[in-house]
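What follows is one structure encoded as structure tokens, with my remarks underneath.
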Amino acid sequence: MVRSKARIDRGTPAERPAVVERQRPSGRRARVARTTKETDISIELNIDGRGDSQIHTGVPFLDHMLEIFARHGFFDLTVQASGDLEVDQHHTVEDIGLALGQTVREALAEKVGIRRFGAAACPLDEALVNAVVDLSGRPFLAYKLRIKQARVGDFDTELVHDFLLAFTNQAAMNLHLHQVQGRNPHHIIEAAFKALARALDEATEIDPRVRGVPSTKGSL
């Protein structure tokens with residue numbers, strides 16, 4: 001007996017549901033230059049990008065994290081930075097956080113039409129990190145990463161907190177970052193940057209239901 005395969009009627013091309021791509025604005029962009037006796041930083045950001053990046057900070061691990069941030073947030077990001085790395089990485093990492101936060105704030109301008117809130121959970125092997133973002137205009141960082149190791153390669157893991165604090169202060173955003181679990185410091189930090197990127201992508205997205213800004217105060 002010959003068994004015939006059941007035919008699945010998927011409909012004609014005209015009957016099939018159309019794939020609707022997420023609509024984004026043409027481009028909310030900003031460029032910030034920050035120069036001090038310790039660092040020289042230039043950042044260009046397109047909130048409504050495709051995740052392309054060109055990152056050169058002199059700190060390879062930070063380059064990797066910023067590339068991840070751009071890719072998973074669909075931000076086009078260019079960072080050129082030099083700093084007094086002969087002293088240590090602190091000035092460079094913190095000042096890049098400051099400049100990136102300022103760039104985000106300027107690119108969003110009056111924040112008209114944005115969702116404002118965003119949340120994401122990202123795993124990387126054994127690590128899992130939650131990020132919740134509120135583009136409220138009131139900076140606050142709740143940092144709950146539990147990284148036991150002092151270094152990843154030659155990168156000081158304490159600088160993750162310093163970078164994010166500088167970033168949230170200048171972006172004027174509320175960020176809650178919670179590590180659910182994790183052992184490997186690289187995995188924990190990478191999961192955190194991915195979760196932050198996805199949460200910020202959601203928070204910056206234009207919601208057609210929003211009139212003006214999503215706040216009873218009328219401004220963010």
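The chains in the structure tokens are called A, B, ... from first to last as shown; in each chain the residues are counted from 1, and the ligands are counted from 1 in the order shown.
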Next on the checklist: I'd like the contact shell of segment 156-160 of chain A - 7 Å cut-off, only C-alpha atoms, skipping same-chain residues fewer than 6 positions apart - returned as JSON, numbers by chain.
Outcome noted: {"A": [90, 93, 150]}
Atoms to include: N, CA and C atoms. Write the selected residues as a PDB file, in the first residue's frame.
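As written to disk, result_39.pdb reads:
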ATOM      1  N   HIS A  90      40.694  53.166  33.659  1.00  0.00           N
ATOM      2  CA  HIS A  90      39.533  53.784  34.291  1.00  0.00           C
ATOM      3  C   HIS A  90      39.059  55.048  33.584  1.00  0.00           C
ATOM      4  N   VAL A  93      37.466  54.207  30.080  1.00  0.00           N
ATOM      5  CA  VAL A  93      36.190  53.492  30.151  1.00  0.00           C
ATOM      6  C   VAL A  93      35.088  54.401  30.683  1.00  0.00           C
ATOM      7  N   ALA A 150      38.239  39.500  39.531  1.00  0.00           N
ATOM      8  CA  ALA A 150      38.663  40.895  39.417  1.00  0.00           C
ATOM      9  C   ALA A 150      38.957  41.308  37.979  1.00  0.00           C
TER      10      ALA A 150
END
Next on the checklist: Show me, as number ranges by chain, the residues that have an atom within 7 Å of segment 176-189 of chain A when counting only C-alpha atoms, minus same-chain residues fewer than 2 positions from it.
Outcome noted: A: 124, 126-133, 141-147, 149, 152, 174, 191-193
Dump C-alpha atoms for the selected residues as a PDB file, in the first residue's frame?
ATOM      1  CA  LEU A 124      24.800  33.341  27.691  1.00  0.00           C
ATOM      2  CA  GLU A 126      25.200  29.559  32.394  1.00  0.00           C
ATOM      3  CA  ALA A 127      24.702  33.322  32.816  1.00  0.00           C
ATOM      4  CA  LEU A 128      21.350  35.111  32.772  1.00  0.00           C
ATOM      5  CA  VAL A 129      20.899  38.862  33.222  1.00  0.00           C
ATOM      6  CA  ASN A 130      17.748  41.016  33.295  1.00  0.00           C
ATOM      7  CA  ALA A 131      17.754  44.678  32.250  1.00  0.00           C
ATOM      8  CA  VAL A 132      14.914  47.171  32.740  1.00  0.00           C
ATOM      9  CA  VAL A 133      15.150  50.685  31.299  1.00  0.00           C
ATOM     10  CA  LEU A 141      21.495  52.753  38.375  1.00  0.00           C
ATOM     11  CA  ALA A 142      20.541  49.625  40.304  1.00  0.00           C
ATOM     12  CA  TYR A 143      23.570  47.425  39.655  1.00  0.00           C
ATOM     13  CA  LYS A 144      23.151  43.821  40.754  1.00  0.00           C
ATOM     14  CA  LEU A 145      25.881  41.987  38.884  1.00  0.00           C
ATOM     15  CA  ARG A 146      27.823  39.589  41.111  1.00  0.00           C
ATOM     16  CA  ILE A 147      31.200  39.231  39.439  1.00  0.00           C
ATOM     17  CA  GLN A 149      36.686  37.659  39.440  1.00  0.00           C
ATOM     18  CA  VAL A 152      38.668  39.370  32.368  1.00  0.00           C
ATOM     19  CA  ASN A 174      16.844  54.606  35.034  1.00  0.00           C
ATOM     20  CA  ALA A 191      24.729  38.957  28.872  1.00  0.00           C
ATOM     21  CA  ALA A 192      24.359  42.295  30.676  1.00  0.00           C
ATOM     22  CA  PHE A 193      25.317  44.340  27.606  1.00  0.00           C
TER      23      PHE A 193
END
Item to check | All alpha helix (DSSP H) positions in chain A, as JSON, numbers by chain | outcome: {"A": [60, 61, 62, 63, 64, 65, 66, 67, 68, 69, 70, 71, 72, 73, 90, 91, 92, 93, 94, 95, 96, 97, 98, 99, 100, 101, 102, 103, 104, 105, 106, 107, 108, 159, 160, 161, 162, 163, 164, 165, 166, 167, 168, 169, 170, 171, 185, 186, 187, 188, 189, 190, 191, 192, 193, 194, 195, 196, 197, 198, 199, 200, 201, 202, 203, 204]}
Checklist entry - Would you give me, as a PyMOL selection string, the residues in segment 40-191 of chain A that DSSP reads as strand (DSSP E or B)? => result chain A and resi 40-46+53-56+76-83+114+117-124+127-134+140-144+151-152+155-156+174-181
Next on the checklist: I want to know what sits within 12 Å of Glu86 of chain A, based on only C-alpha atoms, with residues of the same chain fewer than 6 positions away left out; could you give that as a ChimeraX atom specification?
Outcome noted: /A:38-39,58-59,92
Can you write just those residues out, N, CA and C atoms, as an mmCIF file, in the first residue's frame?
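As written to disk, selection17.cif reads:
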data_model
loop_
_atom_site.group_PDB
_atom_site.id
_atom_site.type_symbol
_atom_site.label_atom_id
_atom_site.label_comp_id
_atom_site.auth_asym_id
_atom_site.auth_seq_id
_atom_site.Cartn_x
_atom_site.Cartn_y
_atom_site.Cartn_z
ATOM 1 N N GLU A 38 42.912 63.769 29.966
ATOM 2 C CA GLU A 38 43.047 62.316 30.148
ATOM 3 C C GLU A 38 42.542 61.501 28.967
ATOM 4 N N THR A 39 41.543 62.035 28.245
ATOM 5 C CA THR A 39 40.951 61.267 27.145
ATOM 6 C C THR A 39 40.548 62.177 25.996
ATOM 7 N N GLY A 58 40.966 51.381 22.366
ATOM 8 C CA GLY A 58 42.226 51.032 23.009
ATOM 9 C C GLY A 58 42.045 50.018 24.126
ATOM 10 N N VAL A 59 40.793 49.645 24.423
ATOM 11 C CA VAL A 59 40.477 48.640 25.449
ATOM 12 C C VAL A 59 39.711 47.533 24.736
ATOM 13 N N THR A 92 39.528 56.138 30.559
ATOM 14 C CA THR A 92 39.017 55.877 29.215
ATOM 15 C C THR A 92 37.638 55.244 29.263
#
Item to check | Exercise: Gly97 of chain A partners within 6 Å, only C-alpha atoms, chain neighbours under 4 positions left out, as a ChimeraX atom specification | outcome: /A:163,166-167
Can you write just those residues out, N, CA and C atoms, as a JSON list (two decimals), in the first residue's frame?
[["chain", "number", "residue", "atom", "x", "y", "z"],
["A", 163, "PHE", "N", 31.40, 52.32, 34.10],
["A", 163, "PHE", "CA", 30.91, 52.65, 32.75],
["A", 163, "PHE", "C", 29.40, 52.86, 32.77],
["A", 166, "ALA", "N", 28.26, 56.07, 34.64],
["A", 166, "ALA", "CA", 28.49, 57.26, 33.81],
["A", 166, "ALA", "C", 27.47, 57.32, 32.67],
["A", 167, "PHE", "N", 27.20, 56.19, 32.06],
["A", 167, "PHE", "CA", 26.25, 56.10, 30.95],
["A", 167, "PHE", "C", 24.84, 56.50, 31.37]]
Item to check | Separation of atom CA of Leu108 of chain A from atom CA of Pro208 of chain A in Å | outcome: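 These atoms are spaced 16.1 Å apart.
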Closest pair table for segment 160-215 of chain A residues within 6 Å of segment 65-81 of chain A, only C-alpha atoms, as a tab-separated table:
residue	atom	partner	partner_atom	distance
A:Phe193	CA	A:Phe69	CA	5.8
A:Lys194	CA	A:Phe69	CA	6.0
A:Ala197	CA	A:Gly73	CA	4.4
A:Arg198	CA	A:Gly73	CA	5.1
A:Asp201	CA	A:Gly73	CA	5.0
Item to check | Proximity to Leu45 of chain A - best of A:Glu190, A:Glu202, A:Glu106, A:Asp125, only C-alpha atoms | outcome: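 The shortest atom-to-atom distance to Leu45 of chain A comes from A:Glu106.
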Next on the checklist: One number please: atom CA of Ala107 of chain A to atom CA of His91 of chain A, in Å, one decimal.
Outcome noted: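 Atom CA of His91 of chain A lies 24.0 Å from atom CA of Ala107 of chain A.
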Give me, as a CSV table (one decimal) with N, CA and C atoms, in the first residue's frame, all polymer residues having an atom no more than 8 Å from Arg105 of chain A, counting only C-alpha atoms and skipping those fewer than 2 positions away in the same chain.
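out-v8.csv, freshly written:
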chain,number,residue,atom,x,y,z
A,101,GLY,N,26.4,58.1,26.9
A,101,GLY,CA,25.2,58.6,27.5
A,101,GLY,C,24.7,59.9,27.0
A,102,GLN,N,25.6,60.8,26.8
A,102,GLN,CA,25.3,62.1,26.3
A,102,GLN,C,24.8,62.0,24.8
A,103,THR,N,25.4,61.1,24.1
A,103,THR,CA,25.0,60.9,22.7
A,103,THR,C,23.6,60.4,22.6
A,107,ALA,N,20.5,62.3,20.9
A,107,ALA,CA,19.8,61.6,19.7
A,107,ALA,C,18.3,61.5,20.0
A,108,LEU,N,17.9,61.3,21.2
A,108,LEU,CA,16.5,61.2,21.5
A,108,LEU,C,15.8,62.5,21.6
A,109,ALA,N,16.6,63.6,21.8
A,109,ALA,CA,16.0,65.0,21.9
A,109,ALA,C,14.9,65.0,22.9
A,170,GLN,N,24.5,60.3,32.3
A,170,GLN,CA,24.4,61.3,31.1
A,170,GLN,C,23.2,61.0,30.2
A,171,ALA,N,22.8,59.8,30.1
A,171,ALA,CA,21.6,59.5,29.3
A,171,ALA,C,20.3,59.9,30.0
A,172,ALA,N,20.4,60.2,31.3
A,172,ALA,CA,19.3,60.5,32.2
A,172,ALA,C,18.2,59.4,32.1
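The coordinates place atom CA of Ile43 of chain A at 5.6 Å from atom CA of Arg31 of chain A.
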Using only C-alpha atoms, which residues sit within 12 Å of Thr216 of chain A once same-chain residues fewer than 5 positions away are excluded, as a compact mmCIF listing (two decimals) with N, CA and C atoms, in the first residue's frame?
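Output (part-v4.txt):
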# COMPACT_ATOMS: atom_id res chain seq x y z
N SER A 136 13.34 58.12 31.79
CA SER A 136 12.51 59.02 32.59
C SER A 136 13.05 60.43 32.68
N VAL A 210 1.38 56.80 21.25
CA VAL A 210 1.85 57.85 22.17
C VAL A 210 1.65 59.23 21.54
N ARG A 211 1.00 60.10 22.27
CA ARG A 211 0.86 61.49 21.84
C ARG A 211 1.82 62.33 22.67
